[in-house]
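Text of the file model.pdb, holding PDB, C-alpha atoms:
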```
ATOM      1  CA  MET A   1     -20.796  11.700  60.301
ATOM      2  CA  THR A   2     -19.469   8.143  60.645
ATOM      3  CA  SER A   3     -22.503   6.736  58.857
ATOM      4  CA  SER A   4     -22.080   9.213  56.004
ATOM      5  CA  ARG A   5     -18.387   8.365  55.623
ATOM      6  CA  TRP A   6     -19.196   4.648  55.641
ATOM      7  CA  SER A   7     -21.952   5.170  53.087
ATOM      8  CA  ARG A   8     -19.610   6.989  50.732
ATOM      9  CA  TYR A   9     -17.045   4.222  51.117
ATOM     10  CA  ARG A  10     -19.602   1.539  50.255
ATOM     11  CA  THR A  11     -20.781   3.540  47.247
ATOM     12  CA  ARG A  12     -17.251   3.927  45.913
ATOM     13  CA  ARG A  13     -16.538   0.255  46.491
ATOM     14  CA  ALA A  14     -19.706  -0.860  44.703
ATOM     15  CA  LEU A  15     -19.012   1.528  41.833
ATOM     16  CA  ARG A  16     -15.408   0.339  41.518
ATOM     17  CA  ARG A  17     -16.566  -3.269  41.497
ATOM     18  CA  GLY A  18     -18.996  -2.552  38.674
ATOM     19  CA  LEU A  19     -16.396  -0.709  36.583
ATOM     20  CA  THR A  20     -13.387  -3.021  36.935
ATOM     21  CA  ARG A  21     -12.376  -5.203  33.983
ATOM     22  CA  PHE A  22     -15.771  -5.378  32.346
ATOM     23  CA  GLU A  23     -15.734  -6.891  28.848
ATOM     24  CA  ALA A  24     -16.674  -5.549  25.445
ATOM     25  CA  ARG A  25     -16.713  -7.077  21.987
ATOM     26  CA  LEU A  26     -15.477  -4.461  19.543
ATOM     27  CA  PRO A  27     -15.463  -4.395  15.736
ATOM     28  CA  THR A  28     -12.390  -3.949  13.545
ATOM     29  CA  LYS A  29     -11.993  -2.565  10.050
ATOM     30  CA  VAL A  30     -12.207  -6.159   8.757
ATOM     31  CA  PRO A  31     -15.775  -7.516   8.811
ATOM     32  CA  GLY A  32     -16.095 -10.729  10.786
ATOM     33  CA  ILE A  33     -12.994 -10.120  12.919
ATOM     34  CA  GLY A  34     -13.384  -8.413  16.281
ATOM     35  CA  PHE A  35     -11.397  -7.284  19.286
ATOM     36  CA  THR A  36     -12.029  -8.481  22.812
ATOM     37  CA  ALA A  37     -11.552  -5.681  25.321
ATOM     38  CA  ARG A  38     -11.500  -5.429  29.112
ATOM     39  CA  LEU A  39     -12.136  -1.950  30.405
ATOM     40  CA  THR A  40     -11.643  -0.382  33.816
ATOM     41  CA  ALA A  41     -13.153   3.008  34.572
ATOM     42  CA  THR A  42     -12.151   5.409  37.318
ATOM     43  CA  VAL A  43     -14.793   7.842  38.605
ATOM     44  CA  LEU A  44     -13.336  11.242  39.452
ATOM     45  CA  THR A  45     -16.431  12.766  41.065
ATOM     46  CA  ASP A  46     -16.960  12.166  44.778
ATOM     47  CA  PRO A  47     -20.253  10.821  46.118
ATOM     48  CA  PRO A  48     -23.079  11.334  46.667
ATOM     49  CA  TYR A  49     -24.225  10.554  43.134
ATOM     50  CA  PRO A  50     -27.545  11.249  41.386
ATOM     51  CA  GLN A  51     -28.058   7.470  40.900
ATOM     52  CA  ASP A  52     -27.316   4.395  42.942
ATOM     53  CA  ALA A  53     -23.990   2.659  42.319
ATOM     54  CA  ASP A  54     -25.329  -0.136  40.107
ATOM     55  CA  GLU A  55     -27.288   2.199  37.813
ATOM     56  CA  LEU A  56     -24.381   4.618  37.575
ATOM     57  CA  ALA A  57     -21.917   1.809  36.766
ATOM     58  CA  ALA A  58     -24.243   0.451  34.068
ATOM     59  CA  ALA A  59     -24.566   3.897  32.477
ATOM     60  CA  ILE A  60     -20.776   4.407  32.488
ATOM     61  CA  ARG A  61     -20.161   0.922  31.042
ATOM     62  CA  ALA A  62     -22.624   1.574  28.216
ATOM     63  CA  THR A  63     -21.028   4.934  27.417
ATOM     64  CA  LEU A  64     -17.502   3.500  27.400
ATOM     65  CA  ARG A  65     -18.476   0.510  25.253
ATOM     66  CA  GLN A  66     -19.957   2.885  22.707
ATOM     67  CA  ALA A  67     -16.871   5.123  22.830
ATOM     68  CA  ALA A  68     -14.611   2.112  22.248
ATOM     69  CA  PHE A  69     -16.899   0.893  19.460
ATOM     70  CA  ASP A  70     -16.704   4.300  17.728
ATOM     71  CA  ILE A  71     -12.900   4.150  17.452
ATOM     72  CA  SER A  72     -12.096   0.442  17.141
ATOM     73  CA  TYR A  73     -13.837  -0.084  13.800
ATOM     74  CA  GLU A  74     -11.113   2.020  12.180
ATOM     75  CA  CYS A  75      -8.323  -0.222  13.521
ATOM     76  CA  ASP A  76      -6.578  -3.037  11.681
ATOM     77  CA  PRO A  77      -6.696  -6.335  13.596
ATOM     78  CA  ALA A  78      -3.366  -7.303  12.017
ATOM     79  CA  ASP A  79      -1.753  -4.328  13.810
ATOM     80  CA  LEU A  80      -2.803  -5.002  17.372
ATOM     81  CA  ALA A  81      -0.181  -2.724  18.930
ATOM     82  CA  THR A  82      -1.438   0.338  17.080
ATOM     83  CA  ALA A  83      -5.046  -0.565  17.848
ATOM     84  CA  ARG A  84      -4.203  -0.709  21.553
ATOM     85  CA  ASP A  85      -2.559   2.715  21.418
ATOM     86  CA  VAL A  86      -5.410   4.325  19.477
ATOM     87  CA  CYS A  87      -8.187   2.883  21.636
ATOM     88  CA  GLY A  88      -6.237   3.486  24.837
ATOM     89  CA  ARG A  89      -5.725   7.186  24.077
ATOM     90  CA  HIS A  90      -9.366   7.559  23.095
ATOM     91  CA  LEU A  91     -10.724   6.084  26.326
ATOM     92  CA  ALA A  92      -8.215   7.870  28.538
ATOM     93  CA  ARG A  93      -9.940  11.171  27.828
ATOM     94  CA  ARG A  94     -11.841  12.701  30.697
ATOM     95  CA  ARG A  95     -15.568  12.175  30.152
ATOM     96  CA  SER A  96     -18.705  13.423  31.826
ATOM     97  CA  LEU A  97     -21.934  11.497  32.289
ATOM     98  CA  ALA A  98     -25.013  13.556  31.437
ATOM     99  CA  THR A  99     -26.513  13.594  34.932
ATOM    100  CA  GLU A 100     -27.312  16.348  37.360
ATOM    101  CA  PRO A 101     -24.823  16.942  38.799
ATOM    102  CA  PRO A 102     -22.418  15.537  36.136
ATOM    103  CA  VAL A 103     -20.242  12.554  36.991
ATOM    104  CA  GLU A 104     -16.734  12.649  35.545
ATOM    105  CA  TYR A 105     -14.638   9.584  34.782
ATOM    106  CA  TRP A 106     -11.967   8.118  32.508
ATOM    107  CA  ALA A 107     -11.008   4.578  31.512
ATOM    108  CA  GLU A 108      -8.229   2.276  30.418
ATOM    109  CA  LEU A 109      -8.469  -0.947  28.465
ATOM    110  CA  THR A 110      -6.622  -4.049  27.386
ATOM    111  CA  LEU A 111      -7.258  -5.137  23.822
ATOM    112  CA  ASP A 112      -6.723  -8.600  22.414
ATOM    113  CA  LEU A 113      -7.885 -11.122  19.826
ATOM    114  CA  LEU A 114      -9.563 -14.401  20.631
ATOM    115  CA  PRO A 115      -7.957 -17.532  19.112
ATOM    116  CA  ASP A 116     -10.563 -17.685  16.337
ATOM    117  CA  ASP A 117      -9.923 -14.049  15.438
ATOM    118  CA  GLN A 118      -6.156 -14.619  15.512
ATOM    119  CA  ALA A 119      -6.579 -17.517  13.084
ATOM    120  CA  ALA A 120      -8.767 -15.355  10.859
ATOM    121  CA  VAL A 121      -6.104 -12.618  10.806
ATOM    122  CA  ARG A 122      -3.407 -15.136   9.850
ATOM    123  CA  SER A 123      -5.607 -16.499   7.042
ATOM    124  CA  LEU A 124      -6.306 -12.967   5.833
ATOM    125  CA  LEU A 125      -2.611 -12.025   5.785
ATOM    126  CA  THR A 126      -1.738 -15.231   3.931
ATOM    127  CA  ALA A 127      -4.387 -14.495   1.321
ATOM    128  CA  GLN A 128      -3.207 -10.879   0.983
ATOM    129  CA  ARG A 129       0.411 -11.962   0.511
ATOM    130  CA  ARG A 130      -0.612 -14.561  -2.055
ATOM    131  CA  GLN A 131      -2.674 -11.986  -3.937
ATOM    132  CA  ALA A 132       0.150  -9.439  -3.802
ATOM    133  CA  VAL A 133       2.599 -11.947  -5.306
ATOM    134  CA  THR A 134       0.074 -12.833  -8.017
ATOM    135  CA  ASP A 135      -0.460  -9.162  -8.853
ATOM    136  CA  ILE A 136       3.264  -8.457  -9.021
ATOM    137  CA  LEU A 137       3.940 -11.456 -11.269
ATOM    138  CA  ARG A 138       1.056 -10.519 -13.557
ATOM    139  CA  ARG A 139       2.291  -6.929 -13.789
ATOM    140  CA  GLN A 140       5.862  -8.044 -14.496
ATOM    141  CA  THR A 141       4.657 -10.459 -17.189
ATOM    142  CA  THR A 142       2.544  -7.762 -18.789
ATOM    143  CA  GLU A 143       5.365  -5.219 -18.789
ATOM    144  CA  ALA A 144       7.900  -7.727 -20.119
ATOM    145  CA  MET A 145       5.583  -8.835 -22.925
ATOM    146  CA  ALA A 146       4.677  -5.251 -23.836
ATOM    147  CA  GLN A 147       8.376  -4.361 -23.998
ATOM    148  CA  GLU A 148       9.126  -7.409 -26.114
ATOM    149  CA  MET A 149       6.210  -6.828 -28.483
ATOM    150  CA  ALA A 150       7.395  -3.270 -29.120
ATOM    151  CA  HIS A 151      10.088  -4.732 -31.438
ATOM    152  CA  PRO A 152       9.035  -6.082 -34.847
ATOM    153  CA  ALA A 153      11.706  -8.795 -34.742
ATOM    154  CA  ALA A 154      10.259 -10.131 -31.476
ATOM    155  CA  LEU A 155       6.816 -10.223 -33.064
ATOM    156  CA  LEU A 156       8.230 -12.181 -36.003
ATOM    157  CA  VAL A 157       9.838 -14.704 -33.666
ATOM    158  CA  ARG A 158       6.567 -15.108 -31.803
ATOM    159  CA  TRP A 159       4.724 -15.694 -35.058
ATOM    160  CA  ILE A 160       7.232 -18.318 -36.182
ATOM    161  CA  GLU A 161       6.955 -20.094 -32.817
ATOM    162  CA  GLN A 162       3.189 -20.270 -33.174
ATOM    163  CA  GLN A 163       3.124 -20.999 -36.926
ATOM    164  CA  PRO A 164       6.367 -22.888 -37.684
ATOM    165  CA  ASP A 165       4.985 -24.487 -40.873
ATOM    166  CA  HIS A 166       3.339 -21.441 -42.447
ATOM    167  CA  TRP A 167       6.218 -19.436 -43.865
ATOM    168  CA  ASN A 168       4.275 -18.850 -47.051
ATOM    169  CA  SER A 169       1.564 -16.949 -45.174
ATOM    170  CA  LEU A 170       4.018 -14.760 -43.265
ATOM    171  CA  PRO A 171       2.515 -11.267 -42.679
ATOM    172  CA  GLY A 172       4.211  -8.333 -44.340
ATOM    173  CA  PRO A 173       6.666  -6.058 -42.521
ATOM    174  CA  GLU A 174       4.057  -3.307 -42.313
ATOM    175  CA  THR A 175       1.880  -5.550 -40.123
ATOM    176  CA  PHE A 176       4.663  -6.156 -37.625
ATOM    177  CA  ASP A 177       5.594  -2.472 -37.643
ATOM    178  CA  LYS A 178       2.011  -1.449 -36.927
ATOM    179  CA  ILE A 179       1.631  -3.886 -34.025
ATOM    180  CA  ALA A 180       5.035  -2.984 -32.572
ATOM    181  CA  ALA A 181       4.199   0.725 -32.774
ATOM    182  CA  ALA A 182       0.996   0.111 -30.837
ATOM    183  CA  PHE A 183       2.879  -1.708 -28.051
ATOM    184  CA  ALA A 184       5.590   0.963 -28.021
ATOM    185  CA  GLN A 185       3.007   3.532 -26.921
ATOM    186  CA  TYR A 186       2.583   1.759 -23.590
ATOM    187  CA  ARG A 187       5.412   1.977 -21.096
ATOM    188  CA  PRO A 188       5.726   1.036 -17.428
ATOM    189  CA  GLU A 189       5.170   3.940 -15.076
ATOM    190  CA  TYR A 190       8.888   4.296 -14.349
ATOM    191  CA  GLU A 191       9.530   4.771 -18.089
ATOM    192  CA  ARG A 192       6.981   7.574 -18.469
ATOM    193  CA  THR A 193       9.588  10.315 -18.206
ATOM    194  CA  VAL A 194      10.931  13.024 -20.436
ATOM    195  CA  GLU A 195      14.147  11.047 -20.927
ATOM    196  CA  TYR A 196      12.323   8.027 -22.331
ATOM    197  CA  ALA A 197      10.170  10.251 -24.543
ATOM    198  CA  ALA A 198      13.349  11.887 -25.847
ATOM    199  CA  LEU A 199      14.812   8.477 -26.648
ATOM    200  CA  GLU A 200      11.734   7.637 -28.708
ATOM    201  CA  VAL A 201      12.052  10.914 -30.612
ATOM    202  CA  ILE A 202      15.759  10.302 -31.295
ATOM    203  CA  ARG A 203      15.114   6.720 -32.388
ATOM    204  CA  GLU A 204      12.379   7.787 -34.796
ATOM    205  CA  PHE A 205      14.590  10.588 -36.094
ATOM    206  CA  LEU A 206      17.485   8.248 -36.780
ATOM    207  CA  ASP A 207      15.201   5.694 -38.421
ATOM    208  CA  SER A 208      13.899   8.380 -40.784
ATOM    209  CA  PHE A 209      17.275   8.407 -42.624
ATOM    210  CA  GLN A 210      17.578   5.411 -44.919
ATOM    211  CA  ASP A 211      20.552   6.212 -47.169
ATOM    212  CA  PRO A 212      23.995   5.321 -45.728
ATOM    213  CA  PRO A 213      25.485   8.773 -46.493
ATOM    214  CA  GLN A 214      22.618  10.422 -44.674
ATOM    215  CA  LYS A 215      22.994   8.130 -41.683
ATOM    216  CA  ARG A 216      26.734   8.792 -41.572
ATOM    217  CA  MET A 217      26.169  12.533 -41.620
ATOM    218  CA  VAL A 218      23.620  12.311 -38.794
ATOM    219  CA  TYR A 219      25.959  10.280 -36.580
ATOM    220  CA  GLU A 220      28.841  12.614 -37.304
ATOM    221  CA  VAL A 221      26.704  15.591 -36.263
ATOM    222  CA  LEU A 222      25.619  13.702 -33.149
ATOM    223  CA  ALA A 223      29.222  12.881 -32.218
ATOM    224  CA  ALA A 224      30.290  16.472 -32.802
ATOM    225  CA  GLY A 225      27.528  17.712 -30.503
ATOM    226  CA  MET A 226      28.614  15.302 -27.777
ATOM    227  CA  ARG A 227      32.212  16.357 -28.138
ATOM    228  CA  HIS A 228      31.175  20.021 -27.926
ATOM    229  CA  ALA A 229      29.268  19.200 -24.725
ATOM    230  CA  LYS A 230      32.522  17.731 -23.340
ATOM    231  CA  ARG A 231      31.284  14.165 -23.452
ATOM    232  CA  PRO A 232      34.174  12.493 -25.325
ATOM    233  CA  GLU A 233      33.231   8.949 -24.289
ATOM    234  CA  HIS A 234      29.739   9.342 -25.685
ATOM    235  CA  ALA A 235      31.161  10.918 -28.839
ATOM    236  CA  ALA A 236      33.494   7.943 -29.322
ATOM    237  CA  ARG A 237      30.614   5.520 -28.947
ATOM    238  CA  ALA A 238      28.530   7.480 -31.444
ATOM    239  CA  GLU A 239      31.406   7.439 -33.949
ATOM    240  CA  ALA A 240      31.813   3.697 -33.437
ATOM    241  CA  LEU A 241      28.217   3.282 -34.568
ATOM    242  CA  LEU A 242      29.251   4.602 -37.991
ATOM    243  CA  ASN A 243      30.950   1.237 -38.540
ATOM    244  CA  GLY A 244      27.854  -0.642 -37.455
ATOM    245  CA  HIS A 245      29.075  -1.850 -34.063
ATOM    246  CA  PRO A 246      29.203  -0.426 -30.524
ATOM    247  CA  HIS A 247      32.302   1.112 -29.017
ATOM    248  CA  ALA A 248      34.595  -1.285 -27.174
ATOM    249  CA  GLY A 249      33.835   0.506 -23.941
ATOM    250  CA  ASP A 250      30.073  -0.038 -24.232
ATOM    251  CA  PRO A 251      28.811  -1.823 -21.116
ATOM    252  CA  GLY A 252      26.519  -3.904 -23.288
ATOM    253  CA  ASP A 253      29.449  -5.209 -25.397
ATOM    254  CA  CYS A 254      30.281  -8.696 -24.150
ATOM    255  CA  ALA A 255      33.782  -9.980 -24.800
TER     256      ALA A 255
END
```
Take the structure from the file and write it as structure tokens.
Amino acid sequence: MTSSRWSRYRTRRALRRGLTRFEARLPTKVPGIGFTARLTATVLTDPPYPQDADELAAAIRATLRQAAFDISYECDPADLATARDVCGRHLARRRSLATEPPVEYWAELTLDLLPDDQAAVRSLLTAQRRQAVTDILRRQTTEAMAQEMAHPAALLVRWIEQQPDHWNSLPGPETFDKIAAAFAQYRPEYERTVEYAALEVIREFLDSFQDPPQKRMVYEVLAAGMRHAKRPEHAARAEALLNGHPHAGDPGDCA
């Protein structure tokens, strides 16, 4: 009896020694950057075991390394805290080694990055930030230019800036109108709404009236509709447009 108890104690001790803080190199979702892990497994099944302690520990280490590998490659090395939580929960599950009888165990781990991997993460984040700024600036430049080019007058100014000495070869108004109309079809995503589409329809409708009496009638009808909708401030601004200038209360009117 004493010998058996002592044998079980030595087996547990040898198994614990083989399963305490063993290392594993684990991949991340970024190629070339890896985690360094130290794992400790706890065997829940009492001896005797179907294998000796060293063989059993090696089998458990191999299984746990593979389990950690299967989950760590989905983790972002720049978010080490989340990676630790995800991998920790995954390895804390109760597992069973395919032996007869089965040997049950679970594990915990500490996850970290070696100095070279830390430097690689910092370089990656710097590059990502730089690229993000470049993309934003390019998008802003594109949107600003597209908005500017949607106005024939802006196109004319651009042409004069590029060809200051060629007034005699100035393109006709129809050319500028055609180019501006093409740019006007493209709007930033935040402008792709029903309200902006309605503004385009109203603008085209108002531009379709060329004679001053017709324009005056249209603005009078517009002001009357606003007044009927109980929008007196808008009606006053629409009436002010009859005289060719904005209402005094217009936010865009600078004193």
Quick check on the file I pasted: which residues fall under the PyMOL selection byres ((chain A and resi 16-19) around 12)? Write them as an mmCIF file with C-alpha atoms, in the frame of the given file.
```cif
data_model
loop_
_atom_site.group_PDB
_atom_site.id
_atom_site.type_symbol
_atom_site.label_atom_id
_atom_site.label_comp_id
_atom_site.auth_asym_id
_atom_site.auth_seq_id
_atom_site.Cartn_x
_atom_site.Cartn_y
_atom_site.Cartn_z
ATOM 1 C CA TYR A 9 -17.045 4.222 51.117
ATOM 2 C CA ARG A 10 -19.602 1.539 50.255
ATOM 3 C CA THR A 11 -20.781 3.540 47.247
ATOM 4 C CA ARG A 12 -17.251 3.927 45.913
ATOM 5 C CA ARG A 13 -16.538 0.255 46.491
ATOM 6 C CA ALA A 14 -19.706 -0.860 44.703
ATOM 7 C CA LEU A 15 -19.012 1.528 41.833
ATOM 8 C CA THR A 20 -13.387 -3.021 36.935
ATOM 9 C CA ARG A 21 -12.376 -5.203 33.983
ATOM 10 C CA PHE A 22 -15.771 -5.378 32.346
ATOM 11 C CA GLU A 23 -15.734 -6.891 28.848
ATOM 12 C CA ARG A 38 -11.500 -5.429 29.112
ATOM 13 C CA LEU A 39 -12.136 -1.950 30.405
ATOM 14 C CA THR A 40 -11.643 -0.382 33.816
ATOM 15 C CA ALA A 41 -13.153 3.008 34.572
ATOM 16 C CA THR A 42 -12.151 5.409 37.318
ATOM 17 C CA VAL A 43 -14.793 7.842 38.605
ATOM 18 C CA LEU A 44 -13.336 11.242 39.452
ATOM 19 C CA ASP A 52 -27.316 4.395 42.942
ATOM 20 C CA ALA A 53 -23.990 2.659 42.319
ATOM 21 C CA ASP A 54 -25.329 -0.136 40.107
ATOM 22 C CA GLU A 55 -27.288 2.199 37.813
ATOM 23 C CA LEU A 56 -24.381 4.618 37.575
ATOM 24 C CA ALA A 57 -21.917 1.809 36.766
ATOM 25 C CA ALA A 58 -24.243 0.451 34.068
ATOM 26 C CA ALA A 59 -24.566 3.897 32.477
ATOM 27 C CA ILE A 60 -20.776 4.407 32.488
ATOM 28 C CA ARG A 61 -20.161 0.922 31.042
ATOM 29 C CA ALA A 62 -22.624 1.574 28.216
ATOM 30 C CA THR A 63 -21.028 4.934 27.417
ATOM 31 C CA LEU A 64 -17.502 3.500 27.400
ATOM 32 C CA ARG A 65 -18.476 0.510 25.253
ATOM 33 C CA TYR A 105 -14.638 9.584 34.782
ATOM 34 C CA TRP A 106 -11.967 8.118 32.508
ATOM 35 C CA ALA A 107 -11.008 4.578 31.512
ATOM 36 C CA GLU A 108 -8.229 2.276 30.418
ATOM 37 C CA LEU A 109 -8.469 -0.947 28.465
#
```
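Residue selection for this entry, given the PyMOL selection byres ((chain A and resi 79-87) around 8), comprises Ala68, Ile71, Ser72, Cys75, Asp76, Pro77, Ala78, Gly88, Arg89, His90, Leu91, Leu109, Thr110, Leu111 and Asp112 of chain A.
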Can you write just those residues out, C-alpha atoms, as a PDB file, keeping the file's coordinate frame?
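That gives us selection_29.pdb:
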```
ATOM      1  CA  ALA A  68     -14.611   2.112  22.248  1.00  0.00           C
ATOM      2  CA  ILE A  71     -12.900   4.150  17.452  1.00  0.00           C
ATOM      3  CA  SER A  72     -12.096   0.442  17.141  1.00  0.00           C
ATOM      4  CA  CYS A  75      -8.323  -0.222  13.521  1.00  0.00           C
ATOM      5  CA  ASP A  76      -6.578  -3.037  11.681  1.00  0.00           C
ATOM      6  CA  PRO A  77      -6.696  -6.335  13.596  1.00  0.00           C
ATOM      7  CA  ALA A  78      -3.366  -7.303  12.017  1.00  0.00           C
ATOM      8  CA  GLY A  88      -6.237   3.486  24.837  1.00  0.00           C
ATOM      9  CA  ARG A  89      -5.725   7.186  24.077  1.00  0.00           C
ATOM     10  CA  HIS A  90      -9.366   7.559  23.095  1.00  0.00           C
ATOM     11  CA  LEU A  91     -10.724   6.084  26.326  1.00  0.00           C
ATOM     12  CA  LEU A 109      -8.469  -0.947  28.465  1.00  0.00           C
ATOM     13  CA  THR A 110      -6.622  -4.049  27.386  1.00  0.00           C
ATOM     14  CA  LEU A 111      -7.258  -5.137  23.822  1.00  0.00           C
ATOM     15  CA  ASP A 112      -6.723  -8.600  22.414  1.00  0.00           C
TER      16      ASP A 112
END
```
| task | For the file shown, report as a ChimeraX atom specification the outcome of the PyMOL selection byres ((chain A and resi 150) around 10) at residue level. | result | /A:145-149,151-155,176-187
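Using all atoms listed in the file, the shortest contact distance between Pro27 (chain A) and any of A:Leu97, A:Ile202, A:Val221, A:Leu113 is found at A:Leu113.
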| request: Tell me which protein, DNA and RNA residues are within 12 Å of Ala224 (chain A), counting only C-alpha atoms, leaving out same-chain ones fewer than 3 positions away, and put them as an MDAnalysis selection string. | output: chainID A and resid 217:221 227:239
I need the residues from that last selection saved to file as a PDB file, in the coordinates of the input (with C-alpha atoms), if you can.
```pdb
ATOM      1  CA  MET A 217      26.169  12.533 -41.620  1.00  0.00           C
ATOM      2  CA  VAL A 218      23.620  12.311 -38.794  1.00  0.00           C
ATOM      3  CA  TYR A 219      25.959  10.280 -36.580  1.00  0.00           C
ATOM      4  CA  GLU A 220      28.841  12.614 -37.304  1.00  0.00           C
ATOM      5  CA  VAL A 221      26.704  15.591 -36.263  1.00  0.00           C
ATOM      6  CA  ARG A 227      32.212  16.357 -28.138  1.00  0.00           C
ATOM      7  CA  HIS A 228      31.175  20.021 -27.926  1.00  0.00           C
ATOM      8  CA  ALA A 229      29.268  19.200 -24.725  1.00  0.00           C
ATOM      9  CA  LYS A 230      32.522  17.731 -23.340  1.00  0.00           C
ATOM     10  CA  ARG A 231      31.284  14.165 -23.452  1.00  0.00           C
ATOM     11  CA  PRO A 232      34.174  12.493 -25.325  1.00  0.00           C
ATOM     12  CA  GLU A 233      33.231   8.949 -24.289  1.00  0.00           C
ATOM     13  CA  HIS A 234      29.739   9.342 -25.685  1.00  0.00           C
ATOM     14  CA  ALA A 235      31.161  10.918 -28.839  1.00  0.00           C
ATOM     15  CA  ALA A 236      33.494   7.943 -29.322  1.00  0.00           C
ATOM     16  CA  ARG A 237      30.614   5.520 -28.947  1.00  0.00           C
ATOM     17  CA  ALA A 238      28.530   7.480 -31.444  1.00  0.00           C
ATOM     18  CA  GLU A 239      31.406   7.439 -33.949  1.00  0.00           C
TER      19      GLU A 239
END
```
